[in-house]
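Structure first, commentary second.
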Amino acid sequence: MNTGVKITAFAAALAATFGTAYGVGKGVGPVDEPKKTEHAGHAAQDPQKTSGHEGHEEGAPASAAALPGGLQVSQDGYTLALETPTPAVGRSTLKFSIKDATGKKVTAFTTEHGKELHFIVASRDLNTFRHLHPVKAADGTWSVDADLPTAGGYKAFADFRPAAPGAEGVTLGADLSVPGAYAPKPLPAVAPTATVDGYQVRLGGVLDPGKPGELKLTVTKGGKPVTDLEPYLGAYGHLVALRDGDLAYLHVHPNEGGPGPDVSFTAEAPSAGTYRLFLDFQHEGKVRTASFTVKAGATGKAAAEPAGAATHDAGGHTHG
């Protein structure tokens with residue numbers, strides 16, 4: 001065998017050994033098969049995912065795939081288009097659409113947890129949180145009434161999965177600006193308990209960056225455990241976490257369990273830092289929101305010792 005033949009054979013052996021394992025020609029590293037979660041649009045319970053949703057277009061840059069959810073207005077060929085980016089203080093109607101890569105409004109979505117699309121609005125100072133349920137028109141325009149109590153910056157999140165074949169879940173984020181005098185409030189103090197409408201919710205567990213951990217929230221009223229929580233969006237609790245600073249979005253759903261008083265979640269913080277957690281739970285026919293400030297990465301604790309009750313405006317559920 002001459003030298004050229006030897007080199008060719010050696011190259012073929014290398015390709016056979018490493019080409020498949022390292023995705024030669026695809027520009028990606030070794031990848032484990034992701035586990036399927038209850039909500040295919042959210043991968044918080046999957047340690048292989050930190051982007052807040054499953055699935056990216058083949059050939060997408062690794063840096064884009066590693067981003068938490070909600071940081072981009074356009075991703076995976078879809079764009080969150082706000083038609084009312086400057087609503088007024090108080091109650092107003094928000095309109096938006098999801099557009100595909102051609103600029104056409106998407107009209108078909110997969111129903112998950114009782115809704116085709118979950119819409120969250122939060123103030124930049126993380127004192128106001130709204131989990132809204134917009135109504136979709138035939139042309140793909142969504143609309144919903146929202147109460148935005150103060151002027152300043154807000155961020156809107158659209159969490160959905162298109163009905164297109166093979167489509168995965170996507171969480172997009174876009175800025176809202178409410179005109180007027182802006183007086184941001186300080187972030188509420190870290191505390192393991194929150195009180196809302198006479199209910200007390202205690203938070204326990206760990207929130208570590210890059211590592212899945214259990215968060216357990218216990219609901220009581222008048223000192224007695226609430227053991228008859230009602231399903232809300234197909235579960236006994238609904239948890240959203242937003243990172244202070246850029247409002248990176250982490251959306252998880254509960255582990256298996258009964259109707260209270262404990263609701264357990266598996267969550268993974270994308271980085272060290274301060275987060276706001278918003279727990280939606282339903283009891284006696286009404287949805288309430290308990291909110292917490294937690295730190296991830298410093299001590300590994302989800303909540304510190306009691307630091308007093310925090311004043312915040314986390315209420316507000318509009319159902320379409």
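Convention: chains lettered A, B, ... in structure tokens order; per-chain residue numbering from 1; ligands numbered from 1 as shown.
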- Residues within 10 Å of region 237-241 of chain A, only C-alpha atoms, excluding chain neighbours under 5 positions, as number ranges by chain: A: 113, 120, 129, 131, 217, 229-232, 247-255, 259-260, 262-265, 267-269, 275-282, 287, 289-294
- Please identify which residues in region 170-206 of chain A DSSP calls strand (DSSP E) from the backbone, and express them as a ChimeraX atom specification. /A:170-178,193-196,199-205
Print the selection's residues with N, CA, C and O atoms to a file, as an mmCIF file, in the first residue's frame.
```
data_model
loop_
_atom_site.group_PDB
_atom_site.id
_atom_site.type_symbol
_atom_site.label_atom_id
_atom_site.label_comp_id
_atom_site.auth_asym_id
_atom_site.auth_seq_id
_atom_site.Cartn_x
_atom_site.Cartn_y
_atom_site.Cartn_z
ATOM 1 N N VAL A 170 -41.556 27.067 22.841
ATOM 2 C CA VAL A 170 -40.756 28.282 22.739
ATOM 3 C C VAL A 170 -41.238 29.271 23.799
ATOM 4 O O VAL A 170 -42.440 29.390 24.036
ATOM 5 N N THR A 171 -40.309 29.967 24.436
ATOM 6 C CA THR A 171 -40.650 31.071 25.327
ATOM 7 C C THR A 171 -39.963 32.316 24.801
ATOM 8 O O THR A 171 -38.727 32.395 24.781
ATOM 9 N N LEU A 172 -40.751 33.289 24.359
ATOM 10 C CA LEU A 172 -40.232 34.541 23.812
ATOM 11 C C LEU A 172 -40.519 35.679 24.783
ATOM 12 O O LEU A 172 -41.481 35.632 25.546
ATOM 13 N N GLY A 173 -39.690 36.717 24.741
ATOM 14 C CA GLY A 173 -39.881 37.872 25.608
ATOM 15 C C GLY A 173 -39.739 39.163 24.845
ATOM 16 O O GLY A 173 -38.917 39.282 23.937
ATOM 17 N N ALA A 174 -40.571 40.160 25.191
ATOM 18 C CA ALA A 174 -40.513 41.479 24.550
ATOM 19 C C ALA A 174 -40.801 42.552 25.585
ATOM 20 O O ALA A 174 -41.546 42.324 26.547
ATOM 21 N N ASP A 175 -40.233 43.732 25.371
ATOM 22 C CA ASP A 175 -40.374 44.829 26.321
ATOM 23 C C ASP A 175 -41.678 45.588 26.133
ATOM 24 O O ASP A 175 -42.125 45.819 25.001
ATOM 25 N N LEU A 176 -42.268 45.965 27.268
ATOM 26 C CA LEU A 176 -43.394 46.889 27.303
ATOM 27 C C LEU A 176 -42.943 48.136 28.054
ATOM 28 O O LEU A 176 -42.161 48.044 29.003
ATOM 29 N N SER A 177 -43.449 49.289 27.652
ATOM 30 C CA SER A 177 -43.119 50.537 28.326
ATOM 31 C C SER A 177 -44.401 51.279 28.657
ATOM 32 O O SER A 177 -45.186 51.610 27.768
ATOM 33 N N VAL A 178 -44.631 51.527 29.944
ATOM 34 C CA VAL A 178 -45.810 52.264 30.395
ATOM 35 C C VAL A 178 -45.381 53.701 30.670
ATOM 36 O O VAL A 178 -44.613 53.947 31.604
ATOM 37 N N THR A 193 -41.393 32.731 53.733
ATOM 38 C CA THR A 193 -42.853 32.698 53.740
ATOM 39 C C THR A 193 -43.419 33.898 52.998
ATOM 40 O O THR A 193 -42.807 34.963 52.925
ATOM 41 N N ALA A 194 -44.616 33.704 52.448
ATOM 42 C CA ALA A 194 -45.347 34.789 51.786
ATOM 43 C C ALA A 194 -46.808 34.670 52.191
ATOM 44 O O ALA A 194 -47.329 33.562 52.375
ATOM 45 N N THR A 195 -47.471 35.824 52.349
ATOM 46 C CA THR A 195 -48.870 35.853 52.733
ATOM 47 C C THR A 195 -49.688 36.519 51.645
ATOM 48 O O THR A 195 -49.314 37.584 51.136
ATOM 49 N N VAL A 196 -50.806 35.884 51.267
ATOM 50 C CA VAL A 196 -51.687 36.442 50.247
ATOM 51 C C VAL A 196 -53.122 36.048 50.584
ATOM 52 O O VAL A 196 -53.428 34.872 50.762
ATOM 53 N N TYR A 199 -53.798 33.476 53.205
ATOM 54 C CA TYR A 199 -53.061 32.222 53.065
ATOM 55 C C TYR A 199 -51.581 32.489 53.334
ATOM 56 O O TYR A 199 -51.036 33.537 52.939
ATOM 57 N N GLN A 200 -50.944 31.550 53.975
ATOM 58 C CA GLN A 200 -49.502 31.632 54.173
ATOM 59 C C GLN A 200 -48.852 30.479 53.411
ATOM 60 O O GLN A 200 -49.280 29.324 53.534
ATOM 61 N N VAL A 201 -47.840 30.812 52.633
ATOM 62 C CA VAL A 201 -47.128 29.802 51.846
ATOM 63 C C VAL A 201 -45.671 29.799 52.285
ATOM 64 O O VAL A 201 -45.023 30.844 52.306
ATOM 65 N N ARG A 202 -45.183 28.633 52.658
ATOM 66 C CA ARG A 202 -43.790 28.500 53.090
ATOM 67 C C ARG A 202 -42.994 27.799 51.996
ATOM 68 O O ARG A 202 -43.432 26.783 51.449
ATOM 69 N N LEU A 203 -41.812 28.334 51.725
ATOM 70 C CA LEU A 203 -40.942 27.798 50.691
ATOM 71 C C LEU A 203 -39.762 27.079 51.327
ATOM 72 O O LEU A 203 -39.088 27.618 52.210
ATOM 73 N N GLY A 204 -39.510 25.872 50.873
ATOM 74 C CA GLY A 204 -38.340 25.128 51.312
ATOM 75 C C GLY A 204 -37.665 24.463 50.133
ATOM 76 O O GLY A 204 -38.252 24.295 49.073
ATOM 77 N N GLY A 205 -36.407 24.080 50.338
ATOM 78 C CA GLY A 205 -35.682 23.408 49.266
ATOM 79 C C GLY A 205 -34.485 24.202 48.804
ATOM 80 O O GLY A 205 -34.052 25.160 49.448
#
```
- May I have the residues within 8 Å of Pro225 (chain A) as a list in words, using only C-alpha atoms and disregarding those fewer than 6 positions away in the same chain?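 Near neighbours after the sequence-gap exclusion: Thr218, Val219, Gly260 and Pro261 of chain A.
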Just-selected residues, N, CA and C atoms written as a PDB file, in the first residue's frame:
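Printed below is result-v6.pdb as written:
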```pdb
ATOM      1  N   THR A 218     -45.604  24.943  50.857  1.00  0.00           N
ATOM      2  CA  THR A 218     -46.639  24.434  51.748  1.00  0.00           C
ATOM      3  C   THR A 218     -47.659  25.534  52.008  1.00  0.00           C
ATOM      4  N   VAL A 219     -48.922  25.244  51.722  1.00  0.00           N
ATOM      5  CA  VAL A 219     -49.995  26.239  51.824  1.00  0.00           C
ATOM      6  C   VAL A 219     -50.814  25.986  53.090  1.00  0.00           C
ATOM      7  N   GLY A 260     -52.460  19.173  48.196  1.00  0.00           N
ATOM      8  CA  GLY A 260     -51.980  20.015  49.274  1.00  0.00           C
ATOM      9  C   GLY A 260     -51.813  19.233  50.567  1.00  0.00           C
ATOM     10  N   PRO A 261     -51.216  19.876  51.592  1.00  0.00           N
ATOM     11  CA  PRO A 261     -50.799  21.279  51.556  1.00  0.00           C
ATOM     12  C   PRO A 261     -49.500  21.523  50.809  1.00  0.00           C
TER      13      PRO A 261
END
```
- Message: Measuring between only C-alpha atoms, which one of A:Ser271, A:Asn127, A:Thr93, A:Thr84 shows the shortest distance to Arg243 (chain A)?
- Response: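 The answer is A:Ser271, which sits nearest to Arg243 (chain A).
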If we count only C-alpha atoms, what is near Asp246 (chain A) at a cut-off of 10 Å, once residues fewer than 3 positions away on the same chain are taken out, given as a JSON list (two decimals) with C-alpha atoms, in the first residue's frame?
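After the write, selection.json holds the following:
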```json
[["chain", "number", "residue", "atom", "x", "y", "z"],
["A", 70, "GLY", "CA", -37.62, 34.66, 27.45],
["A", 71, "LEU", "CA", -34.43, 36.57, 26.64],
["A", 124, "ARG", "CA", -38.67, 45.21, 35.53],
["A", 155, "LYS", "CA", -41.55, 42.53, 30.06],
["A", 242, "LEU", "CA", -37.58, 35.30, 36.85],
["A", 243, "ARG", "CA", -33.93, 36.25, 37.28],
["A", 249, "TYR", "CA", -37.55, 33.02, 32.49]]
```
- Item | Gap from CA of Phe157 (chain A) to CA of His118 (chain A) - Å, one decimal |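 Computed distance, CA of Phe157 (chain A) to CA of His118 (chain A), equals 8.0 Å.
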- Task: Just give me the gap between CA of Glu214 (chain A) and CA of Ala296 (chain A) in Å, one decimal is fine.
- Result: 12.9 Å
- Task: Could you check which of A:Val106, A:Ala272, A:Ala181, A:Leu80 is closest to Lys211 (chain A), using only C-alpha atoms?
- Result: A:Ala272
- How many Å lie between CA of Ala108 (chain A) and CA of Val144 (chain A), rounded to one decimal?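 About the pair CA of Ala108 (chain A) and CA of Val144 (chain A): they are 18.2 Å apart.
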- Note on the structure: Counting only C-alpha atoms, the residue among A:Gly77, A:Pro85, A:Gly198, A:Pro149 that lies closest to Pro184 (chain A) is A:Pro149
